[in-house]
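With TSV, C-alpha atoms inside, this is target-v7.tsv:
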```
chain	number	residue	atom	x	y	z
T	1	MET	CA	123.41	81.80	110.39
T	2	LYS	CA	119.92	82.02	111.88
T	3	GLY	CA	119.30	81.62	115.59
T	4	VAL	CA	122.96	81.46	116.60
T	5	TRP	CA	125.90	83.83	116.12
T	6	GLY	CA	128.49	81.15	115.35
T	7	ARG	CA	131.21	82.51	117.60
T	8	LEU	CA	132.33	82.18	121.21
T	9	LEU	CA	134.20	84.69	123.36
T	10	GLU	CA	137.39	83.18	124.73
T	11	VAL	CA	139.16	84.85	127.65
T	12	ASP	CA	142.67	83.94	128.79
T	13	LEU	CA	142.65	84.94	132.45
T	14	THR	CA	146.42	84.58	132.87
T	15	THR	CA	147.23	87.25	130.29
T	16	GLY	CA	143.86	89.02	130.18
T	17	SER	CA	143.62	88.71	126.39
T	18	THR	CA	140.37	87.91	124.59
T	19	HIS	CA	139.50	86.65	121.15
T	20	ALA	CA	136.51	85.24	119.27
T	21	VAL	CA	136.38	81.57	118.29
T	22	GLU	CA	134.43	80.79	115.11
T	23	ILE	CA	132.28	77.64	115.16
T	24	PRO	CA	131.00	76.20	111.85
T	25	GLU	CA	127.26	75.78	111.35
T	26	LYS	CA	127.61	72.02	110.89
T	27	VAL	CA	128.74	71.69	114.51
T	28	TYR	CA	125.64	73.50	115.76
T	29	ARG	CA	123.47	71.02	113.89
T	30	MET	CA	125.41	67.97	115.13
T	31	PHE	CA	125.84	69.04	118.78
T	32	LEU	CA	122.61	70.59	120.01
T	33	GLY	CA	122.53	73.08	122.86
T	34	GLY	CA	125.08	74.16	125.42
T	35	ARG	CA	125.82	70.64	126.66
T	36	GLY	CA	126.47	69.37	123.14
T	37	LEU	CA	128.70	72.27	122.26
T	38	ALA	CA	130.73	71.78	125.46
T	39	THR	CA	131.32	68.13	124.61
T	40	TYR	CA	132.50	69.09	121.12
T	41	LEU	CA	134.86	71.78	122.39
T	42	LEU	CA	136.39	69.57	125.08
T	43	ALA	CA	136.83	66.62	122.73
T	44	LYS	CA	138.43	68.86	120.11
T	45	GLU	CA	140.83	70.49	122.54
T	46	PHE	CA	141.84	67.62	124.83
T	47	GLY	CA	140.87	64.47	122.95
T	48	ALA	CA	143.66	61.97	123.66
T	49	LYS	CA	145.00	63.96	126.64
T	50	TRP	CA	141.68	63.71	128.47
T	51	ARG	CA	142.96	61.44	131.26
T	52	MET	CA	145.87	63.76	131.96
T	53	LEU	CA	143.64	66.77	132.55
T	54	ASP	CA	143.17	67.59	136.22
T	55	PRO	CA	139.75	69.19	136.69
T	56	LEU	CA	141.09	71.36	139.52
T	57	SER	CA	143.92	72.80	137.45
T	58	PRO	CA	143.88	76.15	135.58
T	59	GLU	CA	144.08	74.34	132.20
T	60	ASN	CA	140.54	73.04	132.65
T	61	PRO	CA	138.31	75.55	130.84
T	62	LEU	CA	135.09	76.86	132.35
T	63	MET	CA	132.44	77.34	129.68
T	64	LEU	CA	129.20	79.29	129.89
T	65	LEU	CA	127.20	78.31	126.81
T	66	THR	CA	123.76	78.99	125.38
T	67	GLY	CA	121.43	76.96	123.21
T	68	PRO	CA	119.38	77.55	120.07
T	69	LEU	CA	116.21	78.57	121.95
T	70	THR	CA	117.91	80.86	124.46
T	71	GLY	CA	116.31	84.30	124.51
T	72	TYR	CA	113.47	83.38	122.19
T	73	HIS	CA	111.46	81.46	124.72
T	74	PRO	CA	110.84	82.11	128.44
T	75	GLY	CA	112.64	79.88	130.88
T	76	VAL	CA	116.16	80.89	129.90
T	77	LYS	CA	118.96	78.49	130.77
T	78	LEU	CA	122.72	78.85	130.86
T	79	SER	CA	124.83	75.73	130.52
T	80	VAL	CA	127.96	75.68	132.70
T	81	SER	CA	130.47	73.08	131.59
T	82	GLY	CA	134.06	71.84	131.60
T	83	LYS	CA	135.72	68.76	133.07
T	84	SER	CA	133.79	68.01	136.22
T	85	PRO	CA	135.75	67.73	139.50
T	86	GLN	CA	132.98	65.55	140.89
T	87	SER	CA	132.80	62.85	138.22
T	88	ASN	CA	135.93	63.49	136.10
T	89	SER	CA	133.85	63.66	132.93
T	90	VAL	CA	131.65	66.14	131.06
T	91	VAL	CA	128.48	67.31	132.72
T	92	GLY	CA	126.21	70.01	131.35
T	93	SER	CA	125.19	71.83	134.47
T	94	VAL	CA	122.24	74.07	133.73
T	95	VAL	CA	121.31	77.20	135.68
T	96	SER	CA	118.42	79.63	135.20
T	97	SER	CA	120.09	82.96	134.68
T	98	GLU	CA	119.61	85.93	132.35
T	99	VAL	CA	123.37	85.85	131.72
T	100	ALA	CA	122.52	83.59	128.78
T	101	VAL	CA	120.28	86.19	127.10
T	102	GLU	CA	122.78	88.97	127.71
T	103	LEU	CA	125.57	86.87	126.22
T	104	LYS	CA	123.53	86.40	123.06
T	105	ALA	CA	122.62	90.10	123.03
T	106	SER	CA	126.32	91.00	123.13
T	107	GLY	CA	126.94	89.00	119.96
T	108	PHE	CA	128.37	85.72	121.27
T	109	ASP	CA	127.00	82.24	121.90
T	110	GLY	CA	129.12	81.62	124.92
T	111	LEU	CA	131.99	82.55	127.18
T	112	VAL	CA	135.05	80.32	127.60
T	113	LEU	CA	137.44	81.01	130.48
T	114	LYS	CA	140.98	79.64	130.38
T	115	GLY	CA	143.93	79.96	132.75
T	116	SER	CA	143.57	81.54	136.17
T	117	CYS	CA	143.88	84.99	137.74
T	118	GLU	CA	146.55	85.82	140.30
T	119	LYS	CA	144.24	87.78	142.59
T	120	PRO	CA	140.52	87.31	143.25
T	121	CYS	CA	138.67	89.12	140.50
T	122	TYR	CA	135.30	89.39	138.87
T	123	ILE	CA	134.54	89.59	135.17
T	124	TYR	CA	132.27	92.17	133.59
T	125	VAL	CA	131.38	91.74	129.93
T	126	GLU	CA	129.70	94.66	128.19
T	127	ASN	CA	128.80	94.24	124.52
T	128	GLY	CA	131.57	91.68	124.06
T	129	LYS	CA	134.28	93.74	125.80
T	130	VAL	CA	135.76	91.95	128.78
T	131	TYR	CA	136.82	93.79	131.94
T	132	LEU	CA	138.73	92.04	134.73
T	133	ARG	CA	138.30	93.83	138.05
T	134	GLU	CA	139.53	93.18	141.56
T	135	ALA	CA	137.06	91.46	143.85
T	136	SER	CA	138.80	91.31	147.21
T	137	ALA	CA	135.92	93.34	148.71
T	138	ILE	CA	133.39	90.59	147.95
T	139	TRP	CA	135.66	87.56	148.38
T	140	GLY	CA	134.30	85.21	151.02
T	141	LEU	CA	130.71	86.40	150.85
T	142	GLY	CA	127.73	84.34	149.79
T	143	GLY	CA	124.02	84.78	149.14
T	144	LEU	CA	122.08	87.95	149.85
T	145	LYS	CA	125.08	89.86	151.23
T	146	LEU	CA	127.02	89.30	148.04
T	147	ILE	CA	124.09	90.34	145.82
T	148	GLU	CA	123.67	93.62	147.71
T	149	LYS	CA	127.38	94.40	147.75
T	150	PHE	CA	128.04	93.33	144.19
T	151	TYR	CA	125.50	95.71	142.70
T	152	SER	CA	126.99	98.71	144.49
T	153	LEU	CA	130.50	97.55	143.52
T	154	LEU	CA	129.49	97.17	139.89
T	155	ARG	CA	127.91	100.59	139.91
T	156	GLU	CA	131.02	102.28	141.35
T	157	ASP	CA	133.51	100.34	139.27
T	158	MET	CA	131.95	99.99	135.88
T	159	ASN	CA	128.86	102.26	136.00
T	160	GLY	CA	126.80	99.11	135.50
T	161	GLU	CA	123.05	99.19	135.11
T	162	PRO	CA	120.88	98.04	138.03
T	163	GLY	CA	119.73	94.48	137.58
T	164	THR	CA	122.73	93.36	135.53
T	165	PRO	CA	122.52	89.56	135.71
T	166	PHE	CA	125.47	87.64	137.09
T	167	VAL	CA	126.56	84.20	138.25
T	168	TYR	CA	128.77	83.79	141.30
T	169	ILE	CA	130.32	81.27	143.68
T	170	GLY	CA	130.07	81.17	147.43
T	171	PRO	CA	132.65	80.19	150.05
T	172	ALA	CA	132.44	76.51	148.99
T	173	GLY	CA	133.62	77.28	145.48
T	174	GLU	CA	136.42	79.50	146.75
T	175	ASN	CA	137.72	76.67	148.91
T	176	ARG	CA	137.51	74.18	146.02
T	177	VAL	CA	134.89	71.87	147.45
T	178	ARG	CA	134.28	69.27	144.74
T	179	THR	CA	130.50	69.63	144.94
T	180	ALA	CA	130.37	73.45	144.93
T	181	ALA	CA	127.71	75.04	142.73
T	182	VAL	CA	127.78	78.05	140.46
T	183	MET	CA	124.91	80.21	141.67
T	184	ALA	CA	122.64	82.78	140.08
T	185	LYS	CA	120.43	85.09	142.15
T	186	LEU	CA	119.55	83.45	145.48
T	187	ALA	CA	118.17	80.04	144.73
T	188	HIS	CA	119.23	79.12	141.21
T	189	ALA	CA	122.19	76.78	141.08
T	190	ALA	CA	124.24	74.94	138.50
T	191	GLY	CA	124.46	72.09	140.93
T	192	TYR	CA	125.69	69.11	138.90
T	193	GLY	CA	129.36	68.52	138.45
T	194	GLY	CA	130.79	70.92	141.03
T	195	TYR	CA	131.77	73.66	138.62
T	196	GLY	CA	131.95	76.14	141.51
T	197	ALA	CA	135.32	74.58	142.35
T	198	VAL	CA	136.55	75.12	138.77
T	199	MET	CA	135.53	78.77	139.05
T	200	GLY	CA	137.26	78.97	142.43
T	201	VAL	CA	140.51	77.62	140.97
T	202	LYS	CA	140.37	80.41	138.40
T	203	LYS	CA	139.82	82.87	141.31
T	204	VAL	CA	136.78	84.32	139.58
T	205	LYS	CA	134.20	85.38	142.13
T	206	ALA	CA	131.45	86.53	139.78
T	207	ILE	CA	130.69	86.93	136.09
T	208	ALA	CA	128.34	89.76	135.12
T	209	VAL	CA	127.23	90.22	131.53
T	210	LYS	CA	125.37	93.04	129.82
T	211	GLY	CA	124.57	93.27	126.12
T	212	TYR	CA	122.71	95.99	124.29
T	213	GLY	CA	122.52	94.47	120.82
T	214	ARG	CA	119.81	92.45	119.17
T	215	LEU	CA	119.60	88.67	119.20
T	216	PRO	CA	120.51	86.71	116.05
T	217	PRO	CA	117.81	86.94	113.34
T	218	VAL	CA	114.89	84.54	113.62
T	219	ASN	CA	114.37	82.08	110.80
T	220	ASN	CA	110.59	82.34	110.92
T	221	PRO	CA	109.03	84.89	113.35
T	222	GLU	CA	105.51	83.51	112.87
T	223	SER	CA	106.49	80.03	114.00
T	224	LEU	CA	108.14	81.63	117.04
T	225	THR	CA	104.83	83.15	118.17
T	226	SER	CA	102.99	79.93	117.46
T	227	LEU	CA	105.60	78.15	119.60
T	228	PHE	CA	104.38	80.03	122.70
T	229	GLN	CA	100.77	79.15	121.95
T	230	THR	CA	101.50	75.47	121.30
T	231	THR	CA	103.54	75.20	124.49
T	232	LEU	CA	100.75	76.83	126.47
T	233	ARG	CA	98.13	74.52	124.97
T	234	ASN	CA	100.20	71.48	125.92
T	235	VAL	CA	100.64	72.76	129.47
T	236	ARG	CA	96.91	73.35	129.84
T	237	GLU	CA	96.02	69.88	128.56
T	238	ARG	CA	98.53	68.26	130.88
T	239	MET	CA	97.15	70.21	133.84
T	240	LYS	CA	93.64	69.04	132.94
T	241	ARG	CA	94.78	65.42	132.86
T	242	PHE	CA	96.72	65.92	136.09
T	243	ARG	CA	93.62	67.21	137.89
T	244	GLN	CA	91.49	64.26	136.79
A	1	MET	CA	89.68	106.71	123.83
A	2	PRO	CA	92.62	106.67	126.28
A	3	VAL	CA	93.64	103.21	127.38
A	4	TRP	CA	96.07	102.29	130.12
A	5	ILE	CA	98.09	99.25	131.10
A	6	LEU	CA	97.39	98.20	134.67
A	7	ARG	CA	100.38	96.40	136.09
A	8	ASP	CA	100.67	94.10	139.09
A	9	PHE	CA	104.22	93.55	140.32
A	10	LEU	CA	103.27	90.63	142.52
A	11	LYS	CA	101.70	88.63	139.69
A	12	CYS	CA	104.70	89.10	137.39
A	13	THR	CA	106.97	86.07	137.21
A	14	SER	CA	109.67	87.84	135.19
A	15	CYS	CA	109.29	85.48	132.21
A	16	LYS	CA	110.00	88.45	129.89
A	17	LEU	CA	107.70	87.25	127.11
A	18	CYS	CA	106.41	90.83	126.92
A	19	GLU	CA	109.91	92.04	125.99
A	20	ILE	CA	110.18	89.45	123.22
A	21	MET	CA	106.74	90.27	121.78
A	22	CYS	CA	107.32	94.05	122.03
A	23	SER	CA	110.60	93.91	120.13
A	24	LEU	CA	109.14	91.48	117.57
A	25	LYS	CA	106.34	93.96	116.90
A	26	HIS	CA	108.43	97.14	116.78
A	27	GLU	CA	111.84	95.96	115.51
A	28	ASN	CA	110.91	92.75	113.65
A	29	THR	CA	113.55	90.86	115.61
A	30	VAL	CA	114.13	89.71	119.15
A	31	TRP	CA	115.93	92.56	120.89
A	32	PRO	CA	115.10	92.77	124.61
A	33	GLU	CA	117.11	95.94	125.14
A	34	ALA	CA	115.04	97.88	122.58
A	35	SER	CA	111.74	96.69	124.05
A	36	ARG	CA	109.40	99.42	125.34
A	37	ILE	CA	108.65	97.44	128.47
A	38	ARG	CA	111.46	96.32	130.74
A	39	ILE	CA	111.39	93.93	133.69
A	40	TYR	CA	114.08	94.51	136.29
A	41	GLU	CA	114.63	91.73	138.78
A	42	ILE	CA	117.24	93.18	141.10
A	43	PHE	CA	116.28	91.14	144.14
A	44	PRO	CA	115.32	87.60	143.20
A	45	GLY	CA	111.59	87.09	143.21
A	46	PHE	CA	110.64	90.76	143.19
A	47	PRO	CA	110.39	91.90	139.58
A	48	VAL	CA	109.74	95.57	138.84
A	49	ILE	CA	107.89	96.49	135.65
A	50	SER	CA	109.29	99.64	134.05
A	51	LEU	CA	106.86	101.09	131.50
A	52	CYS	CA	105.52	104.52	130.51
A	53	VAL	CA	102.36	105.46	132.48
A	54	GLN	CA	101.10	108.32	130.26
A	55	CYS	CA	100.91	111.06	132.96
A	56	ASP	CA	98.20	113.71	132.67
A	57	ASP	CA	100.62	116.62	132.30
A	58	TYR	CA	103.20	114.81	130.11
A	59	PRO	CA	106.45	116.29	131.51
A	60	CYS	CA	108.48	114.60	128.77
A	61	VAL	CA	106.49	116.22	125.96
A	62	ALA	CA	106.72	119.64	127.63
A	63	SER	CA	110.47	119.32	128.18
A	64	CYS	CA	111.43	118.38	124.60
A	65	PRO	CA	113.41	121.28	123.08
A	66	PHE	CA	112.93	120.00	119.51
A	67	GLN	CA	109.15	119.22	119.60
A	68	ALA	CA	109.92	115.62	118.71
A	69	LEU	CA	107.40	114.19	121.19
A	70	SER	CA	103.63	114.39	120.77
A	71	VAL	CA	100.52	112.85	122.33
A	72	GLY	CA	98.50	110.37	120.26
A	73	GLN	CA	94.81	109.48	120.27
A	74	HIS	CA	95.06	106.75	122.91
A	75	GLY	CA	97.06	108.98	125.23
A	76	GLU	CA	100.40	107.53	124.19
A	77	VAL	CA	103.63	109.46	123.67
A	78	LEU	CA	104.80	109.37	120.05
A	79	VAL	CA	108.42	109.95	119.08
A	80	ASP	CA	109.28	111.64	115.76
A	81	GLN	CA	112.49	109.84	114.84
A	82	ASP	CA	113.61	112.55	112.39
A	83	LYS	CA	113.31	115.39	114.90
A	84	CYS	CA	114.69	113.49	117.90
A	85	THR	CA	118.36	114.25	118.58
A	86	MET	CA	118.58	111.94	121.64
A	87	CYS	CA	119.57	114.85	123.91
A	88	GLY	CA	118.03	113.09	126.92
A	89	ALA	CA	115.89	115.98	128.19
A	90	CYS	CA	112.84	113.70	128.47
A	91	ILE	CA	114.76	111.23	130.64
A	92	THR	CA	115.58	113.90	133.23
A	93	ALA	CA	112.05	115.33	133.02
A	94	CYS	CA	110.38	111.95	133.59
A	95	PRO	CA	109.89	111.30	137.34
A	96	GLY	CA	110.73	107.61	136.83
A	97	ASN	CA	113.43	108.02	134.14
A	98	ILE	CA	111.46	105.68	131.87
A	99	PRO	CA	112.56	106.77	128.33
A	100	ARG	CA	115.69	104.98	127.21
A	101	ILE	CA	118.48	105.34	124.68
A	102	VAL	CA	119.74	102.15	123.01
A	103	PRO	CA	123.06	102.04	121.14
A	104	GLY	CA	122.45	101.36	117.48
A	105	LYS	CA	118.95	102.77	117.31
A	106	GLN	CA	117.75	106.25	116.30
A	107	GLY	CA	115.24	107.99	118.56
A	108	MET	CA	114.15	107.65	122.17
A	109	ILE	CA	112.34	104.50	123.22
A	110	ILE	CA	108.94	105.19	124.79
A	111	CYS	CA	105.86	102.94	124.89
A	112	ASP	CA	103.37	103.76	122.09
A	113	LEU	CA	100.63	101.37	123.31
A	114	CYS	CA	100.71	99.53	119.93
A	115	ASN	CA	97.83	101.69	118.61
A	116	GLY	CA	95.52	100.73	121.46
A	117	GLU	CA	96.17	96.96	121.44
A	118	PRO	CA	99.41	96.31	123.32
A	119	GLU	CA	101.17	93.05	122.46
A	120	CYS	CA	102.58	92.72	125.99
A	121	VAL	CA	99.08	92.68	127.51
A	122	LYS	CA	97.90	90.11	124.95
A	123	ILE	CA	100.71	87.64	125.61
A	124	CYS	CA	100.56	88.13	129.41
A	125	GLY	CA	96.84	87.31	129.39
A	126	GLU	CA	97.33	84.42	127.00
A	127	MET	CA	99.94	82.85	129.24
A	128	GLY	CA	97.56	83.23	132.17
A	129	TYR	CA	99.62	85.53	134.38
A	130	HIS	CA	97.46	88.68	133.98
A	131	ALA	CA	100.21	90.85	135.44
A	132	LEU	CA	99.44	93.38	132.71
A	133	GLN	CA	95.82	94.28	131.98
A	134	LEU	CA	94.23	96.79	129.63
A	135	VAL	CA	91.85	99.22	131.38
A	136	SER	CA	90.43	102.63	130.57
A	137	LYS	CA	92.73	105.32	131.85
A	138	PRO	CA	92.15	106.30	135.50
A	139	GLU	CA	91.85	110.01	136.20
A	140	GLY	CA	94.11	112.13	138.35
A	141	GLU	CA	97.58	111.65	139.75
A	142	LEU	CA	96.97	107.97	140.55
A	143	VAL	CA	98.92	106.71	137.54
A	144	LYS	CA	102.09	108.42	138.73
A	145	ASN	CA	102.37	105.88	141.54
A	146	TYR	CA	103.47	103.39	138.91
A	147	LEU	CA	106.32	105.62	137.69
A	148	VAL	CA	109.06	103.68	139.36
A	149	LYS	CA	112.81	103.59	139.52
A	150	PRO	CA	113.74	99.90	139.61
A	151	GLU	CA	116.38	100.14	142.34
A	152	GLU	CA	114.29	102.09	144.86
A	153	THR	CA	111.12	100.15	144.20
A	154	SER	CA	112.71	96.73	144.54
A	155	ILE	CA	114.06	97.75	147.95
A	156	LYS	CA	110.58	98.97	148.93
A	157	LEU	CA	108.98	95.75	147.69
A	158	LEU	CA	111.51	93.66	149.60
A	159	ALA	CA	110.90	95.66	152.78
A	160	LYS	CA	107.14	95.40	152.40
A	161	ILE	CA	106.96	91.69	151.69
A	162	THR	CA	109.63	90.38	154.07
A	163	GLY	CA	109.15	93.06	156.74
A	164	GLU	CA	112.89	93.73	156.82
A	165	ASP	CA	114.61	97.08	156.80
A	166	VAL	CA	117.19	97.04	154.03
```
Now that the file is in, can you turn its structure into structure tokens?
Amino acid sequence: MKGVWGRLLEVDLTTGSTHAVEIPEKVYRMFLGGRGLATYLLAKEFGAKWRMLDPLSPENPLMLLTGPLTGYHPGVKLSVSGKSPQSNSVVGSVVSSEVAVELKASGFDGLVLKGSCEKPCYIYVENGKVYLREASAIWGLGGLKLIEKFYSLLREDMNGEPGTPFVYIGPAGENRVRTAAVMAKLAHAAGYGGYGAVMGVKKVKAIAVKGYGRLPPVNNPESLTSLFQTTLRNVRERMKRFRQ
Amino acid sequence: MPVWILRDFLKCTSCKLCEIMCSLKHENTVWPEASRIRIYEIFPGFPVISLCVQCDDYPCVASCPFQALSVGQHGEVLVDQDKCTMCGACITACPGNIPRIVPGKQGMIICDLCNGEPECVKICGEMGYHALQLVSKPEGELVKNYLVKPEETSIKLLAKITGEDV
């Protein structure tokens, strides 16, 4: 398969076990991007039981998914999805975070979290291996304080590289506020849908991902370079029109 | 003639197109980790460009116990993949720890300036950021100021721009 790996990394937080889920190529063509894939996965798994699913219960999966252009084009986006506590339906909440590129570089198109942890923990994924670590030291923090502390924690715990991208929740998500956002860096938020609460139910404070592999092979490298130039030309023309 | 890549941390927006173009040129695939140039954005909004600066005395070349590193015509450091054993002596010798080892790839990863026409500079100029520019190599120890460790430099940048002590 070109452009996508065709598999997702599924983590059961209750038992700590992980396995890869294969997705056929036809699905990638029918359901484009992270939002489309999330809809397919939820419909396949819950289907008729959809009304019975409580968004603030551990059964509701939290999905971090990537799209076909992720990593090949600047402006990388990660789609956070699941059953939304805010609207009780599917929302593709999109956040700008390098987690998406690192997920693809570790050989998977997405991360699916199921179940919930007993204690507050954070997840570190390196090259497709999942580590669950205790996060009581950073529980309750938000914003700049968390970023500073999390890097030193990651370095001590897992010997993580500086600048490892991660997404996290603040105090609102921990307390299951139905509009809580999943945050990346300081000001990037997956604001729609309130998926911070879903992450808080799972007691996952942060998800850091690092991948060292290559991205899936490109179908046509020349058209990839021409994509940048065409995009730039369009932006310039629009700016010209905007100024007039 | 020695060329040099002038880098401006404040103009960089951390779009990482340079990483994509670098790996497309050298590895024929998109592989950000094996790119010769790396952008570290530890504190949001303050990206640090980590790239070989081609020092005058070349501590990495002098330190190599297997003579795998040599200096090319543009002043770049060339890696002989057959001789390199990935012992890591050049990483410790480099004041900024710029050379890198990537799992699944033979040989150290050091910028080779793309034979005098770096792809990263081309795409950065094309996109209109001009964070990377091609200049003739400045003389003296000046270039060593750009040998940076991402963690320390991002703290310095943060302190300088916001005026806070971190």
Using all atoms listed in the file - which residues lie no farther than 12 Å from the point (120.2, 92.2, 125.2) in the file's frame? Write them as a PyMOL selection string.
(chain T and resi 70-72+98-108+126-128+164-165+209-216) or (chain A and resi 16+19-20+23+29-35+38+102-103)
Out of T:Glu156, T:Glu237, T:Glu148, T:Glu174, which residue has the shortest atom-to-atom distance to chain A when counting all atoms listed in the file?
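Smallest separation from chain A among the options: T:Glu148.
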State, in Å with one decimal place, the distance from CA of Ala68 (chain A) to CA of Cys90 (chain A).
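That distance, rounded to one decimal, is 10.4 Å.
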Excluding same-chain residues fewer than 2 positions from Lys26 (chain T), what lies within 12 Å of it counting only C-alpha atoms, as a PyMOL selection string?
chain T and resi 1+4+6+22-24+28-32+37+40
What are the closest atom pairs, with distances in Å to one decimal, for all residues of region 33-96 of chain A lying within 9 Å of region 123-141 of chain A? Consider only C-alpha atoms, order rows by chain and residue number, and present the result as CSV.
```
residue,atom,partner,partner_atom,distance
A:Cys55,CA,A:Glu141,CA,7.6
A:Asp56,CA,A:Gly140,CA,7.2
A:Gly75,CA,A:Lys137,CA,8.7
```
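Shortest separation to chain A among T:Val76, T:Val91, T:Leu8, T:Ala190 occurs at residue T:Val76, atoms counted being all atoms listed in the file.
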When you count all atoms listed in the file, which of these residues is closest to chain T: A:Ile110, A:Ile42, A:Val3, A:Cys18?
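Of A:Ile110, A:Ile42, A:Val3, A:Cys18, the one nearest chain T, counting all atoms listed in the file, is A:Ile42.
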Fill-in result for region 91-106 of chain A, N, CA, C and O atoms as a short mmCIF file (atom, residue, chain, number, x, y, z; two decimals), keeping the file's coordinate frame:
```cif
data_model
loop_
_atom_site.label_atom_id
_atom_site.label_comp_id
_atom_site.auth_asym_id
_atom_site.auth_seq_id
_atom_site.Cartn_x
_atom_site.Cartn_y
_atom_site.Cartn_z
N ILE A 91 114.40 112.17 129.58
CA ILE A 91 114.76 111.23 130.64
C ILE A 91 114.84 111.95 131.97
O ILE A 91 114.33 111.47 132.99
N THR A 92 115.47 113.15 131.97
CA THR A 92 115.58 113.90 133.23
C THR A 92 114.22 114.45 133.66
O THR A 92 113.95 114.57 134.85
N ALA A 93 113.35 114.77 132.67
CA ALA A 93 112.05 115.33 133.02
C ALA A 93 111.12 114.27 133.59
O ALA A 93 110.27 114.56 134.42
N CYS A 94 111.27 113.03 133.14
CA CYS A 94 110.38 111.95 133.59
C CYS A 94 110.67 111.61 135.05
O CYS A 94 111.82 111.36 135.41
N PRO A 95 109.64 111.60 135.92
CA PRO A 95 109.89 111.30 137.34
C PRO A 95 110.46 109.90 137.57
O PRO A 95 111.09 109.65 138.59
N GLY A 96 110.21 108.97 136.64
CA GLY A 96 110.73 107.61 136.83
C GLY A 96 111.87 107.27 135.90
O GLY A 96 112.30 106.13 135.87
N ASN A 97 112.35 108.24 135.12
CA ASN A 97 113.43 108.02 134.14
C ASN A 97 113.12 106.85 133.21
O ASN A 97 113.94 105.97 133.00
N ILE A 98 111.89 106.82 132.67
CA ILE A 98 111.46 105.68 131.87
C ILE A 98 112.02 105.69 130.43
O ILE A 98 112.45 104.65 129.96
N PRO A 99 112.04 106.83 129.70
CA PRO A 99 112.56 106.77 128.33
C PRO A 99 114.00 106.31 128.31
O PRO A 99 114.76 106.57 129.24
N ARG A 100 114.36 105.56 127.24
CA ARG A 100 115.69 104.98 127.21
C ARG A 100 116.36 105.22 125.87
O ARG A 100 115.70 105.41 124.85
N ILE A 101 117.68 105.25 125.90
CA ILE A 101 118.48 105.34 124.68
C ILE A 101 119.16 103.99 124.49
O ILE A 101 119.72 103.45 125.45
N VAL A 102 119.08 103.44 123.28
CA VAL A 102 119.74 102.15 123.01
C VAL A 102 120.79 102.37 121.93
O VAL A 102 120.49 102.96 120.90
N PRO A 103 122.02 101.91 122.17
CA PRO A 103 123.06 102.04 121.14
C PRO A 103 122.64 101.31 119.87
O PRO A 103 122.15 100.19 119.93
N GLY A 104 122.79 101.98 118.75
CA GLY A 104 122.45 101.36 117.48
C GLY A 104 121.02 101.57 117.05
O GLY A 104 120.53 100.90 116.16
N LYS A 105 120.32 102.50 117.71
CA LYS A 105 118.95 102.77 117.31
C LYS A 105 118.66 104.27 117.38
O LYS A 105 119.01 104.92 118.36
N GLN A 106 118.03 104.81 116.35
CA GLN A 106 117.75 106.25 116.30
C GLN A 106 116.45 106.53 117.05
O GLN A 106 115.47 105.82 116.89
#
```
